[in-house]
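See structure below.
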Amino acid sequence: MNEQELQRLAQRLGSDAAGRVDVERVAQRVIARLEAVRRAARPWWVRATTVRIAAAVALLVAAGIGTWAVVDSRQDPRPAAAIGWRAIETLANDDLGEVLDSLSATAPVHELATMGMDDLTEAQLEELLRRMEA
Amino acid sequence: MTAADRAEAADADLIAAWQGGDERAAAALVRRHTVALSRFLASTGARGDELEDLVQEAFFRAFRSIDRFRGQAAFRTWLLAIGGNVLKDQRRRAARRKVVPLLDHDVVEPSGDPHDHAVAGDVERRLEEALRRLPPMQRNVFLLRAQQGLEYDEIAGALGSTPGAARVHYHHAVRRLKRYVS
């Protein structure tokens, strides 16, 4: 037997066994194993389940913030006196004198007309506020 | 890359596509090289019932270590070398389990598949038995050269040898096989 005959024989070796291998099944199993390795290698914060959980938490937090904002906007944190006081502070002296004149006097009118804000008693201030808000 | 593109693409292009995340490129490489790998493993002594698992494991190891493949040899050559290592590891594990003991370090376990024996001609059967008697390096060099048609420098690269040593191993193998088969 010469070398060429040996080579021809060698080229036929294993053909029958190789013919029984399911090529598609091998391909699918190899791909499945490689994909399993890739999934396992992903950081935990990237995995699909973690992303879904994070999205659900974000939605809950957003809903909670939205609800709080709606409830919060219905309440006016400023007391009536603070509103009234700012309004009084913006009045010019002439205007303030008119307002004071209309008060049921605890002081004579002419005295009221010359009075500034700081001169008003508590009772007068309260009366002033009441008239302004009426 | 379309299916037609994958059918025509060179191994290097398919490897690059797979590294870029294209699983179908990996599947195309499996389809392209399964038969050659199966024939090689069957000729080096793999049993018919374990052949598919060995082929699958060889491809899996190849893709997992693809970064180490620098293109210094053909992809098939590199794959066949990995296949040889897979078979060697499997034999080693079997020997440790004492389920299928090795007869001799030079003798590969004979094929237990009766279908193979029924189909193979008498001369082919004698060649199979003769191959089992060869030292592993001579057997692998002979098959890579005579069966797979590789050049000596590729064989040397795949087996971690030199082209000159591969040539010597081949001629030793041919001389012994002629004697056994004749």
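Ordering of the structure tokens sets the chain letters (A, B, ...); residue numbers start at 1 within each chain; ligands are numbered from 1 in the order shown.
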
Rows by chain and residue number, stretch 15-62 of chain A within 9 Å of stretch 48-54 of chain B, shortest pair, only C-alpha atoms, as CSV:
residue,atom,partner,partner_atom,distance
A:Ala17,CA,B:Gly48,CA,5.9
A:Ala18,CA,B:Leu51,CA,8.1
A:Arg20,CA,B:Gly48,CA,8.4
A:Val21,CA,B:Glu52,CA,5.8
A:Asp22,CA,B:Glu52,CA,7.5
A:Val23,CA,B:Glu52,CA,8.7
A:Val26,CA,B:Glu52,CA,7.0

Save the residues we just selected, N, CA, C and O atoms, as a short mmCIF file (atom, residue, chain, number, x, y, z; two decimals), in the first residue's frame?
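Ended up saving to selection.cif:
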data_model
loop_
_atom_site.label_atom_id
_atom_site.label_comp_id
_atom_site.auth_asym_id
_atom_site.auth_seq_id
_atom_site.Cartn_x
_atom_site.Cartn_y
_atom_site.Cartn_z
N ALA A 17 -19.74 8.00 11.04
CA ALA A 17 -20.07 8.57 12.35
C ALA A 17 -20.41 10.05 12.22
O ALA A 17 -21.36 10.55 12.84
N ALA A 18 -19.64 10.76 11.39
CA ALA A 18 -19.90 12.20 11.22
C ALA A 18 -21.26 12.43 10.56
O ALA A 18 -21.94 13.41 10.86
N ARG A 20 -23.90 10.93 11.14
CA ARG A 20 -25.01 10.77 12.10
C ARG A 20 -25.09 11.92 13.10
O ARG A 20 -26.01 11.96 13.93
N VAL A 21 -24.15 12.84 13.03
CA VAL A 21 -24.20 14.00 13.93
C VAL A 21 -25.24 14.99 13.39
O VAL A 21 -25.23 15.33 12.21
N ASP A 22 -26.13 15.46 14.27
CA ASP A 22 -27.17 16.42 13.89
C ASP A 22 -26.57 17.83 13.97
O ASP A 22 -26.44 18.41 15.04
N VAL A 23 -26.21 18.35 12.81
CA VAL A 23 -25.49 19.63 12.76
C VAL A 23 -26.33 20.77 13.35
O VAL A 23 -25.82 21.60 14.12
N VAL A 26 -26.44 20.61 17.11
CA VAL A 26 -25.17 21.08 17.67
C VAL A 26 -25.13 22.61 17.66
O VAL A 26 -24.78 23.23 18.67
#

Please identify all residues of chain B having at least one atom at most 7 Å from any atom of chain A, considering only C-alpha atoms, and return them as a short mmCIF file (atom, residue, chain, number, x, y, z; two decimals) with all heavy atoms, in the first residue's frame.
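Ended up saving to selection01.cif:
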data_model
loop_
_atom_site.label_atom_id
_atom_site.label_comp_id
_atom_site.auth_asym_id
_atom_site.auth_seq_id
_atom_site.Cartn_x
_atom_site.Cartn_y
_atom_site.Cartn_z
N GLU B 23 -25.26 36.22 16.68
CA GLU B 23 -25.25 34.79 17.01
C GLU B 23 -25.37 33.91 15.77
O GLU B 23 -24.88 32.79 15.76
CB GLU B 23 -26.42 34.48 17.95
CG GLU B 23 -26.18 34.94 19.37
CD GLU B 23 -27.32 34.54 20.29
OE1 GLU B 23 -28.35 34.06 19.79
OE2 GLU B 23 -27.16 34.72 21.50
N ALA B 27 -23.50 30.38 14.55
CA ALA B 27 -24.19 29.19 14.05
C ALA B 27 -23.67 28.81 12.66
O ALA B 27 -23.54 27.62 12.35
CB ALA B 27 -25.70 29.44 14.00
N VAL B 30 -20.50 26.92 13.03
CA VAL B 30 -20.75 25.56 13.50
C VAL B 30 -21.15 24.67 12.32
O VAL B 30 -20.64 23.57 12.14
CB VAL B 30 -21.83 25.53 14.60
CG1 VAL B 30 -22.21 24.10 14.95
CG2 VAL B 30 -21.35 26.26 15.85
N ARG B 31 -22.08 25.18 11.51
CA ARG B 31 -22.55 24.36 10.37
C ARG B 31 -21.40 24.09 9.40
O ARG B 31 -21.32 23.01 8.81
CB ARG B 31 -23.67 25.10 9.64
CG ARG B 31 -24.95 25.20 10.42
CD ARG B 31 -26.08 25.82 9.61
NE ARG B 31 -27.17 26.20 10.50
CZ ARG B 31 -27.40 27.44 10.91
NH1 ARG B 31 -26.66 28.44 10.48
NH2 ARG B 31 -28.38 27.71 11.75
N THR B 34 -18.66 21.43 11.43
CA THR B 34 -19.06 20.26 12.24
C THR B 34 -18.64 18.94 11.61
O THR B 34 -18.14 18.04 12.31
CB THR B 34 -20.58 20.28 12.49
OG1 THR B 34 -20.89 21.34 13.40
CG2 THR B 34 -21.06 18.97 13.09
N VAL B 35 -18.85 18.79 10.32
CA VAL B 35 -18.55 17.49 9.69
C VAL B 35 -17.06 17.18 9.78
O VAL B 35 -16.67 16.06 10.16
CB VAL B 35 -19.02 17.49 8.22
CG1 VAL B 35 -18.53 16.22 7.50
CG2 VAL B 35 -20.54 17.55 8.15
N SER B 38 -16.17 16.31 13.31
CA SER B 38 -16.71 15.01 13.69
C SER B 38 -15.86 13.89 13.11
O SER B 38 -15.57 12.90 13.79
CB SER B 38 -18.16 14.88 13.18
OG SER B 38 -18.96 15.89 13.73
N ARG B 39 -15.49 14.02 11.84
CA ARG B 39 -14.66 12.99 11.21
C ARG B 39 -13.32 12.86 11.92
O ARG B 39 -12.83 11.75 12.16
CB ARG B 39 -14.45 13.32 9.74
CG ARG B 39 -15.68 13.05 8.88
CD ARG B 39 -15.46 13.44 7.43
NE ARG B 39 -14.25 12.83 6.90
CZ ARG B 39 -13.38 13.44 6.11
NH1 ARG B 39 -13.59 14.69 5.76
NH2 ARG B 39 -12.32 12.81 5.65
N PHE B 40 -12.73 13.98 12.26
CA PHE B 40 -11.44 13.96 12.94
C PHE B 40 -11.55 13.27 14.29
O PHE B 40 -10.76 12.38 14.63
CB PHE B 40 -10.92 15.39 13.10
CG PHE B 40 -9.63 15.49 13.87
CD1 PHE B 40 -8.43 15.12 13.27
CD2 PHE B 40 -9.61 15.95 15.17
CE1 PHE B 40 -7.23 15.21 13.98
CE2 PHE B 40 -8.43 16.04 15.88
CZ PHE B 40 -7.22 15.67 15.29
N ALA B 42 -13.90 11.20 15.35
CA ALA B 42 -14.22 9.78 15.19
C ALA B 42 -12.98 8.99 14.81
O ALA B 42 -12.77 7.87 15.28
CB ALA B 42 -15.30 9.62 14.12
N SER B 43 -12.12 9.58 13.99
CA SER B 43 -10.90 8.89 13.54
C SER B 43 -9.87 8.78 14.66
O SER B 43 -9.03 7.88 14.65
CB SER B 43 -10.27 9.62 12.36
OG SER B 43 -11.18 9.72 11.30
N GLY B 48 -19.19 6.74 18.79
CA GLY B 48 -20.32 7.33 18.10
C GLY B 48 -21.31 8.01 19.04
O GLY B 48 -21.86 9.06 18.74
N GLU B 52 -21.36 13.71 19.32
CA GLU B 52 -22.07 14.99 19.24
C GLU B 52 -21.74 15.88 20.45
O GLU B 52 -21.54 17.10 20.30
CB GLU B 52 -23.59 14.73 19.17
CG GLU B 52 -24.35 15.89 18.57
CD GLU B 52 -25.79 15.52 18.21
OE1 GLU B 52 -25.97 14.65 17.33
OE2 GLU B 52 -26.70 16.11 18.82
N GLN B 56 -19.92 19.53 20.27
CA GLN B 56 -20.54 20.70 20.89
C GLN B 56 -19.58 21.36 21.88
O GLN B 56 -19.42 22.59 21.88
CB GLN B 56 -21.81 20.24 21.61
CG GLN B 56 -22.63 21.36 22.22
CD GLN B 56 -23.61 20.82 23.25
OE1 GLN B 56 -23.72 21.34 24.34
NE2 GLN B 56 -24.30 19.75 22.92
N PHE B 59 -16.75 23.31 20.07
CA PHE B 59 -17.18 24.61 19.57
C PHE B 59 -17.37 25.60 20.71
O PHE B 59 -16.98 26.78 20.61
CB PHE B 59 -18.50 24.47 18.79
CG PHE B 59 -18.31 24.10 17.36
CD1 PHE B 59 -18.71 22.85 16.89
CD2 PHE B 59 -17.75 25.00 16.45
CE1 PHE B 59 -18.55 22.51 15.56
CE2 PHE B 59 -17.58 24.65 15.12
CZ PHE B 59 -17.97 23.40 14.68
N PHE B 60 -17.97 25.16 21.80
CA PHE B 60 -18.21 26.04 22.94
C PHE B 60 -16.89 26.59 23.47
O PHE B 60 -16.74 27.80 23.71
CB PHE B 60 -18.96 25.28 24.03
CG PHE B 60 -19.23 26.09 25.27
CD1 PHE B 60 -20.14 27.13 25.24
CD2 PHE B 60 -18.57 25.82 26.46
CE1 PHE B 60 -20.40 27.89 26.37
CE2 PHE B 60 -18.82 26.58 27.59
CZ PHE B 60 -19.74 27.61 27.55
N ASP B 116 -20.59 1.38 13.06
CA ASP B 116 -19.35 1.76 12.40
C ASP B 116 -18.60 0.54 11.88
O ASP B 116 -18.10 0.52 10.76
CB ASP B 116 -18.43 2.54 13.36
CG ASP B 116 -18.94 3.95 13.57
OD1 ASP B 116 -19.62 4.47 12.68
OD2 ASP B 116 -18.67 4.52 14.63
N GLU B 124 -10.39 -0.44 5.90
CA GLU B 124 -10.62 0.74 6.75
C GLU B 124 -10.57 0.36 8.22
O GLU B 124 -10.03 1.08 9.05
CB GLU B 124 -11.97 1.37 6.42
CG GLU B 124 -11.96 2.21 5.16
CD GLU B 124 -13.32 2.87 4.89
OE1 GLU B 124 -14.08 3.06 5.86
OE2 GLU B 124 -13.60 3.18 3.73
N LEU B 143 -3.61 12.36 10.69
CA LEU B 143 -4.99 12.71 10.34
C LEU B 143 -5.10 14.14 9.84
O LEU B 143 -5.81 14.42 8.87
CB LEU B 143 -5.91 12.50 11.54
CG LEU B 143 -6.20 11.04 11.88
CD1 LEU B 143 -6.93 10.94 13.22
CD2 LEU B 143 -7.01 10.36 10.78
N ALA B 146 -3.28 13.81 6.25
CA ALA B 146 -3.89 12.92 5.25
C ALA B 146 -5.39 13.11 5.15
O ALA B 146 -5.97 13.03 4.07
CB ALA B 146 -3.56 11.46 5.59
N GLN B 147 -6.06 13.32 6.27
CA GLN B 147 -7.52 13.42 6.25
C GLN B 147 -8.00 14.84 6.02
O GLN B 147 -8.92 15.08 5.26
CB GLN B 147 -8.09 12.88 7.57
CG GLN B 147 -9.62 12.80 7.58
CD GLN B 147 -10.15 12.50 8.97
OE1 GLN B 147 -10.06 13.33 9.86
NE2 GLN B 147 -10.72 11.31 9.15
N VAL B 174 3.14 7.11 8.66
CA VAL B 174 2.85 6.44 7.38
C VAL B 174 3.55 5.08 7.34
O VAL B 174 2.95 4.07 6.94
CB VAL B 174 3.31 7.32 6.20
CG1 VAL B 174 3.34 6.51 4.91
CG2 VAL B 174 2.37 8.52 6.07
N LYS B 178 1.37 1.61 7.14
CA LYS B 178 1.51 0.72 5.98
C LYS B 178 1.77 -0.70 6.47
O LYS B 178 1.22 -1.66 5.92
CB LYS B 178 2.69 1.18 5.12
CG LYS B 178 2.37 2.27 4.11
CD LYS B 178 3.57 2.38 3.17
CE LYS B 178 3.68 3.73 2.58
NZ LYS B 178 4.91 3.87 1.76
N SER B 182 -1.08 -3.45 5.79
CA SER B 182 -0.70 -4.46 4.81
C SER B 182 -0.53 -5.82 5.48
O SER B 182 -0.66 -6.83 4.82
CB SER B 182 0.62 -4.08 4.14
OG SER B 182 0.49 -2.80 3.52
#

Can you tell me, as a list of chain:residue names, what residues are no more than 12 Å from B:Ala17 when counting only C-alpha atoms, ignoring any on the same chain fewer than 5 positions away?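 Using only C-alpha atoms, the neighbours found are B:Met1, B:Thr2, B:Asp5, B:Arg6, B:Ala9, B:Ala10, B:Asp11, B:Ala12, B:Asp22, B:Glu23, B:Arg24, B:Ala25, B:Ala26, B:Ala27, B:Ala28, B:Leu29.
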
Rounded to one decimal in Å, what is the spacing between atom CA of B:Thr44 and atom CA of B:Leu134? 10.1 Å

Residues of chain B in helix (DSSP H, G or I), written as a PyMOL selection string: chain B and resi 3-8+11-19+23-43+48-64+66-68+75-97+114-119+122-133+136-147+152-159+163-181

Figure out the distance between atom CA of B:Tyr170 and atom CA of B:Pro135, please, to one decimal in Å. 11.4 Å

Rounded to one decimal place, report the atom CA of B:Arg175-atom CA of B:Phe142 distance in Å.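 Rounded to one decimal, the two atoms are 10.9 Å apart.
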
Residues near B:Ala73, cut-off 12 Å, only C-alpha atoms, skip fewer than 3 positions along chain, as an MDAnalysis selection string: chainID B and resid 11:12 68:70 76:81 150:160
